[in-house]
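Student: Here you go, this is my_file35.tsv (TSV, C-alpha atoms and all ligand atoms).
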```
chain	number	residue	atom	x	y	z
X	1	MET	CA	41.45	-165.90	-79.68
X	2	ILE	CA	41.02	-163.33	-82.41
X	3	HIS	CA	41.85	-163.32	-86.11
X	4	ILE	CA	43.95	-160.86	-87.97
X	5	THR	CA	45.17	-160.82	-91.54
X	6	ILE	CA	48.88	-160.46	-92.13
X	7	ASN	CA	50.03	-160.01	-95.72
X	8	GLY	CA	46.84	-161.66	-96.96
X	9	LYS	CA	46.96	-164.66	-94.63
X	10	VAL	CA	44.46	-165.02	-91.79
X	11	VAL	CA	46.20	-165.91	-88.55
X	12	GLN	CA	45.18	-166.45	-84.95
X	13	ALA	CA	46.33	-164.15	-82.21
X	14	LYS	CA	45.67	-163.44	-78.59
X	15	ASP	CA	43.60	-160.35	-78.00
X	16	GLY	CA	45.91	-157.52	-77.09
X	17	GLU	CA	49.23	-159.17	-77.84
X	18	MET	CA	51.55	-156.94	-79.80
X	19	LEU	CA	51.45	-157.19	-83.58
X	20	LEU	CA	55.20	-157.76	-83.78
X	21	THR	CA	54.86	-160.90	-81.65
X	22	VAL	CA	52.28	-162.30	-84.06
X	23	ILE	CA	54.34	-161.26	-87.07
X	24	ARG	CA	57.44	-162.96	-85.71
X	25	ARG	CA	55.45	-166.07	-84.88
X	26	GLU	CA	54.43	-166.20	-88.52
X	27	LYS	CA	58.14	-166.08	-89.40
X	28	ILE	CA	57.74	-162.84	-91.31
X	29	ASP	CA	60.87	-160.76	-91.34
X	30	VAL	CA	60.34	-157.26	-90.00
X	31	PRO	CA	63.50	-155.38	-89.07
X	32	THR	CA	63.85	-154.10	-85.52
X	33	LEU	CA	66.66	-152.47	-83.59
X	34	CYS	CA	65.08	-151.74	-80.23
X	35	HIS	CA	63.09	-154.91	-79.64
X	36	HIS	CA	64.10	-157.57	-77.16
X	37	GLU	CA	61.71	-160.20	-75.93
X	38	ALA	CA	62.98	-159.87	-72.38
X	39	VAL	CA	62.00	-156.23	-71.97
X	40	GLU	CA	58.96	-154.06	-72.49
X	41	PRO	CA	58.73	-152.61	-76.00
X	42	SER	CA	59.75	-148.97	-76.22
X	43	GLY	CA	59.08	-147.93	-79.81
X	44	ALA	CA	62.44	-146.22	-80.15
X	45	CYS	CA	63.82	-147.45	-83.47
X	46	ARG	CA	60.65	-147.05	-85.59
X	47	LEU	CA	61.73	-149.80	-87.98
X	48	CYS	CA	58.97	-152.25	-87.05
X	49	MET	CA	56.42	-149.92	-88.64
X	50	VAL	CA	53.60	-151.71	-90.50
X	51	GLU	CA	50.51	-150.66	-92.39
X	52	ILE	CA	47.19	-151.44	-90.76
X	53	THR	CA	43.63	-151.06	-91.86
X	54	LYS	CA	40.15	-152.47	-91.26
X	55	PRO	CA	37.33	-153.03	-93.74
X	56	GLU	CA	35.22	-150.40	-92.03
X	57	TRP	CA	38.01	-147.80	-92.30
X	58	ASP	CA	36.95	-147.00	-95.87
X	59	GLY	CA	40.34	-147.63	-97.41
X	60	TRP	CA	42.04	-145.47	-94.81
X	61	CYS	CA	45.36	-146.82	-93.50
X	62	ASP	CA	47.52	-146.13	-90.52
X	63	TYR	CA	51.22	-146.68	-89.97
X	64	VAL	CA	52.09	-147.95	-86.52
X	65	THR	CA	55.04	-149.45	-84.70
X	66	SER	CA	54.05	-153.10	-84.54
X	67	CYS	CA	56.03	-153.69	-81.34
X	68	LEU	CA	53.64	-151.38	-79.52
X	69	TYR	CA	50.38	-151.99	-81.35
X	70	PRO	CA	47.99	-154.51	-79.79
X	71	ALA	CA	46.33	-156.98	-82.11
X	72	ALA	CA	42.58	-156.50	-82.46
X	73	ASP	CA	40.04	-158.71	-84.22
X	74	GLY	CA	39.71	-158.08	-87.93
X	75	LEU	CA	42.85	-156.00	-88.28
X	76	ILE	CA	44.51	-156.19	-91.69
X	77	VAL	CA	48.26	-155.84	-91.51
X	78	ASN	CA	50.72	-155.33	-94.32
X	79	THR	CA	54.33	-155.64	-93.22
X	80	HIS	CA	55.90	-154.72	-96.55
X	81	ALA	CA	53.46	-152.33	-98.23
X	82	LYS	CA	55.14	-149.88	-100.59
X	83	LYS	CA	54.66	-147.00	-98.18
X	84	VAL	CA	56.03	-149.08	-95.29
X	85	ASN	CA	59.16	-149.93	-97.22
X	86	GLU	CA	59.58	-146.28	-98.10
X	87	LEU	CA	59.21	-145.27	-94.47
X	88	ARG	CA	61.75	-147.88	-93.42
X	89	SER	CA	64.28	-146.82	-96.00
X	90	SER	CA	64.00	-143.18	-95.05
X	91	ILE	CA	64.47	-144.06	-91.38
X	92	LEU	CA	67.47	-146.22	-92.30
X	93	ASP	CA	68.77	-143.36	-94.41
X	94	MET	CA	68.89	-141.22	-91.27
X	95	TYR	CA	70.49	-144.01	-89.26
X	96	LEU	CA	73.12	-144.30	-91.96
X	97	ALA	CA	73.84	-140.58	-91.80
X	98	ARG	CA	74.22	-140.72	-88.04
X	99	HIS	CA	76.19	-143.98	-87.86
X	100	PRO	CA	77.93	-144.31	-91.23
X	101	LYS	CA	80.58	-146.64	-89.86
X	102	SER	CA	78.31	-149.21	-88.20
X	103	PRO	CA	78.44	-152.47	-90.19
X	104	GLU	CA	75.08	-153.53	-88.74
X	105	ILE	CA	73.35	-150.33	-89.83
X	106	ARG	CA	74.98	-150.43	-93.24
X	107	GLN	CA	73.82	-153.95	-93.86
X	108	LEU	CA	70.26	-153.26	-92.77
X	109	ALA	CA	70.14	-150.08	-94.84
X	110	ALA	CA	71.49	-151.95	-97.85
X	111	GLU	CA	68.69	-154.51	-97.49
X	112	TYR	CA	66.30	-151.60	-97.98
X	113	GLY	CA	68.24	-150.25	-100.92
X	114	VAL	CA	69.98	-147.44	-99.06
X	115	LEU	CA	73.63	-147.70	-99.98
X	116	LYS	CA	74.52	-144.10	-99.39
X	117	THR	CA	72.75	-141.58	-97.24
X	118	GLN	CA	71.29	-138.47	-98.80
X	119	PHE	CA	71.99	-136.54	-95.59
X	120	GLU	CA	75.24	-135.20	-94.29
X	121	GLU	CA	77.22	-137.93	-92.52
X	122	VAL	CA	78.23	-137.53	-88.91
X	123	VAL	CA	81.87	-138.46	-89.33
X	124	ASP	CA	83.08	-138.42	-85.76
X	125	GLY	CA	79.97	-140.04	-84.32
X	126	ASP	CA	79.76	-143.32	-82.42
X	127	ASN	CA	77.70	-146.41	-83.14
X	128	CYS	CA	75.23	-146.05	-80.28
X	129	ILE	CA	71.75	-145.76	-81.77
X	130	LEU	CA	70.19	-145.02	-78.35
X	131	CYS	CA	67.74	-147.91	-78.69
X	132	GLY	CA	67.88	-148.41	-74.93
X	133	ILE	CA	68.06	-152.22	-75.08
X	134	CYS	CA	71.09	-152.18	-72.79
X	135	THR	CA	69.55	-149.94	-70.13
X	136	ARG	CA	66.21	-151.76	-70.20
X	137	ILE	CA	67.89	-155.15	-69.98
X	138	CYS	CA	70.06	-153.96	-67.11
X	139	ASP	CA	66.89	-152.82	-65.33
X	140	THR	CA	65.19	-156.15	-66.01
X	141	MET	CA	68.21	-158.02	-64.69
X	142	GLY	CA	67.66	-155.96	-61.55
X	143	PHE	CA	71.01	-154.14	-61.53
X	144	HIS	CA	70.05	-150.66	-62.79
X	145	ALA	CA	73.73	-149.97	-63.41
X	146	ILE	CA	73.39	-147.83	-66.53
X	147	SER	CA	70.80	-145.42	-67.83
X	148	MET	CA	70.10	-142.79	-70.46
X	149	VAL	CA	71.96	-139.64	-69.54
X	150	GLY	CA	71.31	-136.16	-70.84
X	151	ARG	CA	68.98	-135.42	-73.70
X	152	GLY	CA	68.83	-134.19	-77.26
X	153	HIS	CA	72.15	-134.25	-79.08
X	154	GLY	CA	74.01	-134.97	-75.88
X	155	LYS	CA	71.99	-138.03	-74.89
X	156	GLU	CA	74.05	-141.12	-74.20
X	157	VAL	CA	74.08	-144.35	-72.27
X	158	ALA	CA	76.26	-144.06	-69.20
X	159	PRO	CA	76.71	-145.23	-65.64
X	160	PRO	CA	75.68	-142.82	-62.88
X	161	LEU	CA	78.04	-139.86	-62.38
X	162	ASN	CA	80.09	-141.30	-65.25
X	163	MET	CA	82.00	-143.43	-62.80
X	164	ALA	CA	82.47	-147.19	-62.61
X	165	PRO	CA	78.96	-148.28	-61.54
X	166	THR	CA	78.79	-149.93	-58.13
X	167	ALA	CA	75.63	-151.76	-59.19
X	168	CYS	CA	77.25	-153.48	-62.19
X	169	VAL	CA	78.19	-157.14	-61.70
X	170	GLY	CA	79.74	-157.58	-65.13
X	171	CYS	CA	77.02	-159.86	-66.50
X	172	LEU	CA	77.61	-158.51	-70.03
X	173	SER	CA	73.89	-158.59	-70.87
X	174	CYS	CA	74.13	-155.02	-72.16
X	175	ALA	CA	77.09	-155.61	-74.45
X	176	LYS	CA	75.88	-158.95	-75.77
X	177	ASN	CA	72.46	-157.58	-76.72
X	178	CYS	CA	73.58	-154.30	-78.27
X	179	PRO	CA	72.29	-154.35	-81.86
X	180	THR	CA	75.32	-152.42	-83.11
X	181	ASN	CA	77.91	-154.05	-80.87
X	182	TYR	CA	78.79	-150.67	-79.51
X	183	ILE	CA	79.35	-151.47	-75.84
X	184	GLU	CA	82.99	-152.22	-75.31
X	185	TYR	CA	84.41	-154.64	-72.83
X	186	ASN	CA	87.72	-156.26	-72.36
X	187	MET	CA	88.38	-159.80	-71.25
X	188	GLU	CA	92.00	-160.33	-70.54
X	189	ASN	CA	94.21	-162.24	-68.12
X	190	GLY	CA	91.33	-163.80	-66.27
X	191	GLY	CA	89.61	-160.46	-65.73
X	192	LEU	CA	86.85	-158.38	-67.27
X	193	THR	CA	86.54	-154.63	-67.69
X	194	ILE	CA	83.26	-153.02	-68.67
X	195	TRP	CA	81.94	-149.53	-67.96
X	196	LYS	CA	85.41	-148.74	-66.57
X	197	LYS	CA	84.86	-151.31	-63.83
X	198	ASP	CA	87.29	-154.18	-63.32
X	199	PHE	CA	86.09	-157.65	-62.42
X	200	GLU	CA	87.73	-160.89	-61.46
X	201	MET	CA	86.47	-163.98	-63.23
X	202	VAL	CA	85.66	-167.35	-61.77
X	203	ALA	CA	88.02	-169.96	-63.21
X	204	CYS	CA	86.89	-173.52	-63.91
X	205	THR	CA	88.33	-175.80	-61.25
X	206	GLU	CA	88.80	-178.55	-63.87
X	207	CYS	CA	90.33	-176.84	-66.87
X	208	GLY	CA	91.03	-173.32	-65.65
X	209	LYS	CA	88.91	-171.61	-68.31
X	210	THR	CA	87.18	-168.51	-66.98
X	211	THR	CA	83.39	-168.50	-66.79
X	212	ILE	CA	81.55	-165.51	-65.33
X	213	THR	CA	82.56	-162.73	-62.96
X	214	LYS	CA	82.77	-163.42	-59.26
X	215	GLU	CA	80.16	-160.75	-58.57
X	216	PHE	CA	77.73	-162.26	-61.06
X	217	ALA	CA	78.23	-165.77	-59.66
X	218	GLU	CA	77.62	-164.50	-56.16
X	219	TYR	CA	74.56	-162.59	-57.26
X	220	LEU	CA	73.08	-165.60	-59.04
X	221	SER	CA	73.75	-168.00	-56.22
X	222	LYS	CA	72.24	-165.60	-53.71
X	223	ASN	CA	69.23	-164.34	-55.62
X	224	ARG	CA	68.45	-167.24	-57.92
X	225	ASP	CA	69.22	-169.94	-55.44
X	226	ILE	CA	71.89	-171.67	-57.47
X	227	ASN	CA	74.70	-173.50	-55.68
X	228	ILE	CA	77.84	-171.40	-56.12
X	229	ASP	CA	79.79	-174.58	-56.94
X	230	TYR	CA	77.89	-174.76	-60.18
X	231	PHE	CA	79.83	-171.74	-61.44
X	232	ARG	CA	83.17	-173.21	-60.48
X	233	LYS	CA	83.09	-175.37	-63.60
X	234	CYS	CA	82.86	-174.22	-67.18
X	235	ASP	CA	80.18	-175.40	-69.62
X	236	GLU	CA	82.44	-177.91	-71.29
X	237	CYS	CA	83.51	-179.51	-68.06
X	238	HIS	CA	79.89	-179.65	-66.94
X	239	ARG	CA	79.08	-181.47	-70.16
X	240	LYS	CA	82.00	-183.82	-69.76
X	241	GLU	CA	80.85	-184.56	-66.26
X	242	LEU	CA	77.29	-185.06	-67.47
X	243	ALA	CA	78.47	-187.70	-69.95
X	244	GLY	CA	80.20	-189.51	-67.10
X	245	THR	CA	77.14	-189.35	-64.91
X	246	MET	CA	74.88	-190.62	-67.69
X	247	GLY	CA	77.34	-193.43	-68.36
X	248	ARG	CA	77.30	-194.46	-64.72
X	249	ILE	CA	73.51	-194.41	-64.65
X	250	SER	CA	73.21	-196.69	-67.67
X	251	ASN	CA	75.80	-199.01	-66.15
X	252	TRP	CA	73.72	-199.27	-63.00
X	253	ASP	CA	70.63	-199.89	-65.12
X	254	ARG	CA	72.40	-202.65	-66.98
X	255	GLU	CA	73.65	-204.17	-63.75
X	256	ALA	CA	70.18	-203.98	-62.23
X	257	ARG	CA	68.67	-205.70	-65.26
X	258	SER	CA	71.16	-208.56	-65.40
E	1	MET	CA	83.62	-128.32	-52.43
E	2	LYS	CA	82.63	-129.27	-48.89
E	3	HIS	CA	79.02	-129.09	-47.91
E	4	ASN	CA	76.99	-129.59	-44.88
E	5	PHE	CA	74.56	-132.30	-45.86
E	6	GLU	CA	72.47	-132.17	-42.73
E	7	ASN	CA	69.89	-130.00	-44.48
E	8	LEU	CA	69.24	-132.86	-46.84
E	9	HIS	CA	67.18	-134.61	-44.22
E	10	THR	CA	64.90	-131.63	-43.82
E	11	ILE	CA	64.34	-131.85	-47.56
E	12	PHE	CA	63.76	-135.62	-47.55
E	13	ASP	CA	61.35	-135.37	-44.64
E	14	LYS	CA	59.08	-133.07	-46.61
E	15	TYR	CA	58.17	-135.72	-49.13
E	16	PRO	CA	56.82	-139.27	-49.21
E	17	LYS	CA	59.62	-141.79	-49.72
E	18	SER	CA	58.81	-142.88	-53.22
E	19	GLN	CA	59.97	-142.36	-56.77
E	20	GLU	CA	57.25	-139.73	-57.31
E	21	SER	CA	59.08	-137.37	-54.98
E	22	LEU	CA	62.30	-137.52	-56.98
E	23	ILE	CA	61.95	-134.34	-59.03
E	24	ALA	CA	60.60	-132.28	-56.14
E	25	ILE	CA	63.55	-133.34	-53.98
E	26	LEU	CA	66.07	-132.63	-56.72
E	27	GLN	CA	64.55	-129.19	-57.17
E	28	ASP	CA	64.92	-128.48	-53.46
E	29	ILE	CA	68.52	-129.69	-53.47
E	30	GLN	CA	69.27	-127.53	-56.49
E	31	LYS	CA	67.79	-124.55	-54.67
E	32	GLU	CA	69.73	-125.26	-51.50
E	33	TYR	CA	73.17	-125.82	-53.04
E	34	GLN	CA	72.75	-124.11	-56.45
E	35	TYR	CA	73.61	-127.47	-58.00
E	36	LEU	CA	73.25	-131.19	-57.37
E	37	PRO	CA	76.26	-132.46	-55.43
E	38	CYS	CA	77.16	-136.15	-56.03
E	39	GLU	CA	76.70	-137.03	-52.36
E	40	ALA	CA	73.22	-135.55	-52.42
E	41	LEU	CA	72.30	-137.67	-55.44
E	42	GLU	CA	73.59	-140.79	-53.73
E	43	GLN	CA	71.63	-140.05	-50.58
E	44	THR	CA	68.49	-139.31	-52.58
E	45	SER	CA	68.83	-142.66	-54.31
E	46	GLU	CA	69.20	-144.42	-50.98
E	47	VAL	CA	66.41	-142.63	-49.16
E	48	LEU	CA	63.88	-143.02	-51.97
E	49	ASP	CA	65.09	-146.50	-52.88
E	50	VAL	CA	65.40	-145.42	-56.50
E	51	PRO	CA	68.44	-146.68	-58.44
E	52	LEU	CA	71.27	-144.15	-58.68
E	53	SER	CA	71.21	-144.59	-62.45
E	54	THR	CA	67.61	-143.34	-62.52
E	55	VAL	CA	68.44	-140.38	-60.30
E	56	PHE	CA	71.34	-139.52	-62.59
E	57	SER	CA	69.20	-139.91	-65.69
E	58	VAL	CA	66.59	-137.49	-64.35
E	59	SER	CA	69.21	-135.02	-63.08
E	60	THR	CA	70.85	-134.82	-66.48
E	61	PHE	CA	67.59	-134.59	-68.39
E	62	TYR	CA	66.36	-131.25	-67.14
E	63	ASN	CA	68.22	-128.05	-67.86
E	64	SER	CA	67.18	-126.58	-64.54
E	65	PHE	CA	69.39	-129.10	-62.78
E	66	SER	CA	73.11	-128.65	-62.79
E	67	LEU	CA	75.71	-131.19	-61.75
E	68	THR	CA	78.52	-128.72	-61.38
E	69	ALA	CA	78.70	-126.00	-58.77
E	70	LYS	CA	77.60	-122.63	-60.03
E	71	GLY	CA	78.72	-119.15	-59.09
E	72	GLU	CA	76.97	-116.92	-56.59
E	73	LYS	CA	75.40	-114.97	-59.43
E	74	ILE	CA	74.24	-116.49	-62.67
E	75	ILE	CA	74.47	-114.26	-65.69
E	76	LYS	CA	72.19	-115.24	-68.52
E	77	VAL	CA	72.71	-113.75	-71.93
E	78	CYS	CA	69.61	-114.12	-74.02
E	79	THR	CA	70.37	-115.25	-77.55
E	80	GLY	CA	66.77	-115.71	-78.63
E	81	THR	CA	65.75	-114.39	-82.02
E	82	ALA	CA	65.06	-110.81	-80.95
E	83	CYS	CA	68.15	-110.50	-78.79
E	84	HIS	CA	70.29	-112.23	-81.39
E	85	ILE	CA	69.29	-109.64	-83.98
E	86	ARG	CA	70.03	-106.82	-81.58
E	87	GLY	CA	73.56	-107.96	-80.86
E	88	ALA	CA	73.43	-110.63	-78.14
E	89	LYS	CA	76.55	-112.23	-79.58
E	90	LEU	CA	78.53	-109.03	-78.93
E	91	LEU	CA	77.34	-108.99	-75.33
E	92	GLN	CA	78.29	-112.61	-74.93
E	93	ASP	CA	81.77	-111.98	-76.37
E	94	GLN	CA	82.24	-108.98	-74.11
E	95	LEU	CA	81.15	-110.92	-71.02
E	96	GLU	CA	83.37	-113.83	-71.93
E	97	THR	CA	86.42	-111.64	-72.31
E	98	HIS	CA	85.62	-109.66	-69.23
E	99	LEU	CA	84.98	-112.64	-66.95
E	100	LYS	CA	87.65	-114.73	-68.69
E	101	ILE	CA	85.31	-117.70	-69.02
E	102	LYS	CA	83.25	-119.23	-71.80
E	103	ALA	CA	79.49	-119.58	-71.74
E	104	GLY	CA	78.50	-122.42	-69.41
E	105	GLU	CA	81.54	-121.89	-67.19
E	106	THR	CA	82.05	-120.38	-63.75
E	107	THR	CA	84.70	-117.87	-62.70
E	108	GLU	CA	87.47	-119.23	-60.52
E	109	ASP	CA	86.38	-117.17	-57.51
E	110	MET	CA	82.92	-118.80	-57.82
E	111	LYS	CA	81.29	-115.38	-58.17
E	112	PHE	CA	79.75	-115.68	-61.63
E	113	THR	CA	78.43	-118.33	-63.95
E	114	LEU	CA	77.83	-117.33	-67.53
E	115	GLU	CA	74.94	-118.96	-69.35
E	116	VAL	CA	73.43	-118.56	-72.76
E	117	VAL	CA	69.66	-118.94	-72.90
E	118	ALA	CA	67.05	-118.72	-75.62
E	119	CYS	CA	64.35	-116.07	-75.16
E	120	VAL	CA	63.59	-115.04	-71.63
E	121	GLY	CA	60.27	-113.59	-72.72
E	122	ALA	CA	61.27	-109.93	-72.71
E	123	CYS	CA	61.90	-109.43	-76.40
E	124	ALA	CA	60.65	-105.81	-76.35
E	125	MET	CA	63.71	-104.82	-74.37
E	126	ALA	CA	66.19	-106.87	-76.40
E	127	PRO	CA	69.04	-107.48	-76.00
E	128	VAL	CA	68.50	-108.82	-72.53
E	129	VAL	CA	71.00	-109.92	-69.91
E	130	VAL	CA	69.71	-111.42	-66.66
E	131	VAL	CA	72.01	-111.07	-63.68
E	132	GLY	CA	70.81	-113.11	-60.72
E	133	ASP	CA	67.10	-112.46	-60.93
E	134	LYS	CA	67.38	-108.94	-62.26
E	135	TYR	CA	66.55	-108.30	-65.93
E	136	HIS	CA	68.58	-105.72	-67.81
E	137	GLY	CA	67.12	-104.49	-71.10
E	138	SER	CA	68.61	-102.73	-74.14
E	139	VAL	CA	72.04	-103.65	-72.84
E	140	LYS	CA	74.93	-102.02	-74.64
E	141	VAL	CA	78.37	-103.52	-74.87
E	142	SER	CA	79.73	-100.56	-72.93
E	143	ARG	CA	77.39	-101.34	-70.02
E	144	VAL	CA	78.42	-104.93	-69.67
E	145	LYS	CA	81.29	-104.20	-67.29
E	146	LYS	CA	78.97	-102.35	-64.96
E	147	LEU	CA	76.57	-105.29	-64.85
E	148	VAL	CA	79.25	-107.46	-63.33
E	149	LYS	CA	80.75	-104.76	-61.19
E	150	ALA	CA	80.46	-106.90	-58.08
E	151	LYS	CA	83.56	-108.61	-59.37
H	301	LIG	S1	61.00	-152.53	-82.54
H	301	LIG	FE1	61.88	-150.57	-82.44
H	301	LIG	S2	60.11	-149.37	-82.63
H	301	LIG	FE2	59.27	-151.33	-82.64
H	302	LIG	S1	64.73	-113.13	-77.60
H	302	LIG	FE1	65.64	-112.34	-75.84
H	302	LIG	S2	63.94	-111.98	-74.61
H	302	LIG	FE2	63.04	-112.88	-76.32
```
Re-express the file's structure as structure tokens.
Tutor:
Amino acid sequence: MIHITINGKVVQAKDGEMLLTVIRREKIDVPTLCHHEAVEPSGACRLCMVEITKPEWDGWCDYVTSCLYPAADGLIVNTHAKKVNELRSSILDMYLARHPKSPEIRQLAAEYGVLKTQFEEVVDGDNCILCGICTRICDTMGFHAISMVGRGHGKEVAPPLNMAPTACVGCLSCAKNCPTNYIEYNMENGGLTIWKKDFEMVACTECGKTTITKEFAEYLSKNRDINIDYFRKCDECHRKELAGTMGRISNWDREARS
Amino acid sequence: MKHNFENLHTIFDKYPKSQESLIAILQDIQKEYQYLPCEALEQTSEVLDVPLSTVFSVSTFYNSFSLTAKGEKIIKVCTGTACHIRGAKLLQDQLETHLKIKAGETTEDMKFTLEVVACVGACAMAPVVVVGDKYHGSVKVSRVKKLVKAK
């Protein structure tokens, strides 16, 4: 265990764990757009920037992305130093210029006092901030269905060859974790369409409500050793059933006691 | 376009079957077919056991890889600073009208692909047009037609 100081408070940390993890544990709010606990940090959004220093640094400070900076003993961290806030607002200013229509970006920028960008707005742009959470999560899930394609101005997230990805099982992890809700999908008439690929959904055998895609259910039952029957009931019906089971158990208990 | 993909195996056999070989293999495929055909990408992914999404990501990252078939001869108009000042734009316009394609496109007969590049390192002879692997310096608009005479 080591000790670091965050905003004047001495806290314990594990040697080498990332500063952001410690900061979050201390319930200090540092904005991030590319961080997800399930995947390796990538340092893409630059918003988690903090000021660090050490007594022996002679008043010299550094500005680092906390998601990628390992905690070291004696480090003094300031998550909201004046310079840090300035850095964050200028980064958000650029985000706002690039994605003026994104409600998520606008709200975050507003929190840092940026209501209107000083740069020229990209009017016909999309809301993808290229944080890479979707592609990294897809890799972690083990599907590798989408990736970063192209580079520079033309960089985008896309499935290989821009065709419906064979590897996609329609788990929706990408769409549900997108910080700007950019990834579109369509759930209609018992089906799902994402990345131009159509899926059939499993319907609950009790109430008929759809749960997850057939492909995803098959994948989970095969690779995670879950009985496929589990997916044939929706959450609510599982819960209902659980109540019944619990009821029966307590009845037995009562009977056994009397 | 139909290809004979048997050569692919000669390419694959040259390298260890791991992700590290990816770029080298893509380079060889690009050399062999002048571009990266979809089937070749799929086979590369299978042989190296690298996800197709990764193969696609790498193929689209580097400018030296192309995903569309290119013409027999690639014409590069340099629009770097020196060439730009000495009238590269005029050469580009002339080539575009003459070949009836825009920069980045290929003629219908698959003879020529027109590309615009930034500084080919021969500024002293600006403006430069590279046809195939031959450099032409101090190109004048009137000479453009001759450069693509093969057409
Ligand atoms: S969280 Fe995005 S750079 Fe650290
Ligand atoms: S600018 Fe054309 S060769 Fe350098």
Student: Mind listing the residues within 10 Å of ligand LIG 302 (chain H), only C-alpha atoms and all ligand atoms counted, as an MDAnalysis selection string?
Tutor: chainID E and resid 77:86 88 117:130 135 137
Student: What is the atom CA of X:His144 to atom CA of X:Thr180 distance in Å?
Tutor: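 Here the two named atoms are 21.1 Å from each other.
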Student: Looking at only C-alpha atoms, which of E:Ser18, E:Ser138, E:Thr68, E:Thr54 is the one that sits closest to E:Thr113?
Tutor: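 Going through E:Ser18, E:Ser138, E:Thr68, E:Thr54 one by one, the smallest distance to E:Thr113 is for E:Thr68.
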Student: Please determine the contact residues of chain X with respect to chain E at a cut-off of 10 Å, counting all atoms listed in the file, and supply them as a PyMOL selection string.
Tutor: chain X and resi 135+139+142-152+154-162+165-167
Student: Could you list, as a CSV table (one decimal) with C-alpha atoms, in the frame of the given file, all residues that come within 12 Å of ligand LIG 301 (chain H)? Count only C-alpha atoms and all ligand atoms.
Tutor:
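Generated output (part.csv):
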```csv
chain,number,residue,atom,x,y,z
X,18,MET,CA,51.6,-156.9,-79.8
X,19,LEU,CA,51.4,-157.2,-83.6
X,20,LEU,CA,55.2,-157.8,-83.8
X,21,THR,CA,54.9,-160.9,-81.6
X,23,ILE,CA,54.3,-161.3,-87.1
X,24,ARG,CA,57.4,-163.0,-85.7
X,30,VAL,CA,60.3,-157.3,-90.0
X,31,PRO,CA,63.5,-155.4,-89.1
X,32,THR,CA,63.8,-154.1,-85.5
X,33,LEU,CA,66.7,-152.5,-83.6
X,34,CYS,CA,65.1,-151.7,-80.2
X,35,HIS,CA,63.1,-154.9,-79.6
X,36,HIS,CA,64.1,-157.6,-77.2
X,37,GLU,CA,61.7,-160.2,-75.9
X,39,VAL,CA,62.0,-156.2,-72.0
X,40,GLU,CA,59.0,-154.1,-72.5
X,41,PRO,CA,58.7,-152.6,-76.0
X,42,SER,CA,59.8,-149.0,-76.2
X,43,GLY,CA,59.1,-147.9,-79.8
X,44,ALA,CA,62.4,-146.2,-80.2
X,45,CYS,CA,63.8,-147.4,-83.5
X,46,ARG,CA,60.6,-147.0,-85.6
X,47,LEU,CA,61.7,-149.8,-88.0
X,48,CYS,CA,59.0,-152.2,-87.0
X,49,MET,CA,56.4,-149.9,-88.6
X,50,VAL,CA,53.6,-151.7,-90.5
X,63,TYR,CA,51.2,-146.7,-90.0
X,64,VAL,CA,52.1,-148.0,-86.5
X,65,THR,CA,55.0,-149.4,-84.7
X,66,SER,CA,54.0,-153.1,-84.5
X,67,CYS,CA,56.0,-153.7,-81.3
X,68,LEU,CA,53.6,-151.4,-79.5
X,69,TYR,CA,50.4,-152.0,-81.4
X,88,ARG,CA,61.8,-147.9,-93.4
X,91,ILE,CA,64.5,-144.1,-91.4
X,129,ILE,CA,71.8,-145.8,-81.8
X,130,LEU,CA,70.2,-145.0,-78.4
X,131,CYS,CA,67.7,-147.9,-78.7
X,132,GLY,CA,67.9,-148.4,-74.9
X,133,ILE,CA,68.1,-152.2,-75.1
X,179,PRO,CA,72.3,-154.4,-81.9
```
Student: Residues within 12 Å of X:Asp124, please, as an mmCIF file with C-alpha atoms, in the coordinates of the input. Count all atoms listed in the file; anything in the same chain fewer than 3 positions from it doesn't count.
Tutor:
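The resulting file, selection.cif, is reproduced below:
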```cif
data_model
loop_
_atom_site.group_PDB
_atom_site.id
_atom_site.type_symbol
_atom_site.label_atom_id
_atom_site.label_comp_id
_atom_site.auth_asym_id
_atom_site.auth_seq_id
_atom_site.Cartn_x
_atom_site.Cartn_y
_atom_site.Cartn_z
ATOM 1 C CA ALA X 97 73.840 -140.580 -91.800
ATOM 2 C CA ARG X 98 74.220 -140.720 -88.040
ATOM 3 C CA HIS X 99 76.190 -143.980 -87.860
ATOM 4 C CA PRO X 100 77.930 -144.310 -91.230
ATOM 5 C CA LYS X 101 80.580 -146.640 -89.860
ATOM 6 C CA GLU X 121 77.220 -137.930 -92.520
ATOM 7 C CA ASN X 127 77.700 -146.410 -83.140
#
```
Student: Quick one: residues within 12 Å of X:Leu115, only C-alpha atoms, excluding same-chain residues fewer than 2 positions away - as a short mmCIF file (atom, residue, chain, number, x, y, z; two decimals) with C-alpha atoms, keeping the file's coordinate frame?
Tutor:
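File written: part-v2.cif
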```
data_model
loop_
_atom_site.label_atom_id
_atom_site.label_comp_id
_atom_site.auth_asym_id
_atom_site.auth_seq_id
_atom_site.Cartn_x
_atom_site.Cartn_y
_atom_site.Cartn_z
CA SER X 89 64.28 -146.82 -96.00
CA SER X 90 64.00 -143.18 -95.05
CA LEU X 92 67.47 -146.22 -92.30
CA ASP X 93 68.77 -143.36 -94.41
CA MET X 94 68.89 -141.22 -91.27
CA TYR X 95 70.49 -144.01 -89.26
CA LEU X 96 73.12 -144.30 -91.96
CA ALA X 97 73.84 -140.58 -91.80
CA PRO X 100 77.93 -144.31 -91.23
CA PRO X 103 78.44 -152.47 -90.19
CA ILE X 105 73.35 -150.33 -89.83
CA ARG X 106 74.98 -150.43 -93.24
CA GLN X 107 73.82 -153.95 -93.86
CA LEU X 108 70.26 -153.26 -92.77
CA ALA X 109 70.14 -150.08 -94.84
CA ALA X 110 71.49 -151.95 -97.85
CA GLU X 111 68.69 -154.51 -97.49
CA TYR X 112 66.30 -151.60 -97.98
CA GLY X 113 68.24 -150.25 -100.92
CA THR X 117 72.75 -141.58 -97.24
CA GLN X 118 71.29 -138.47 -98.80
#
```
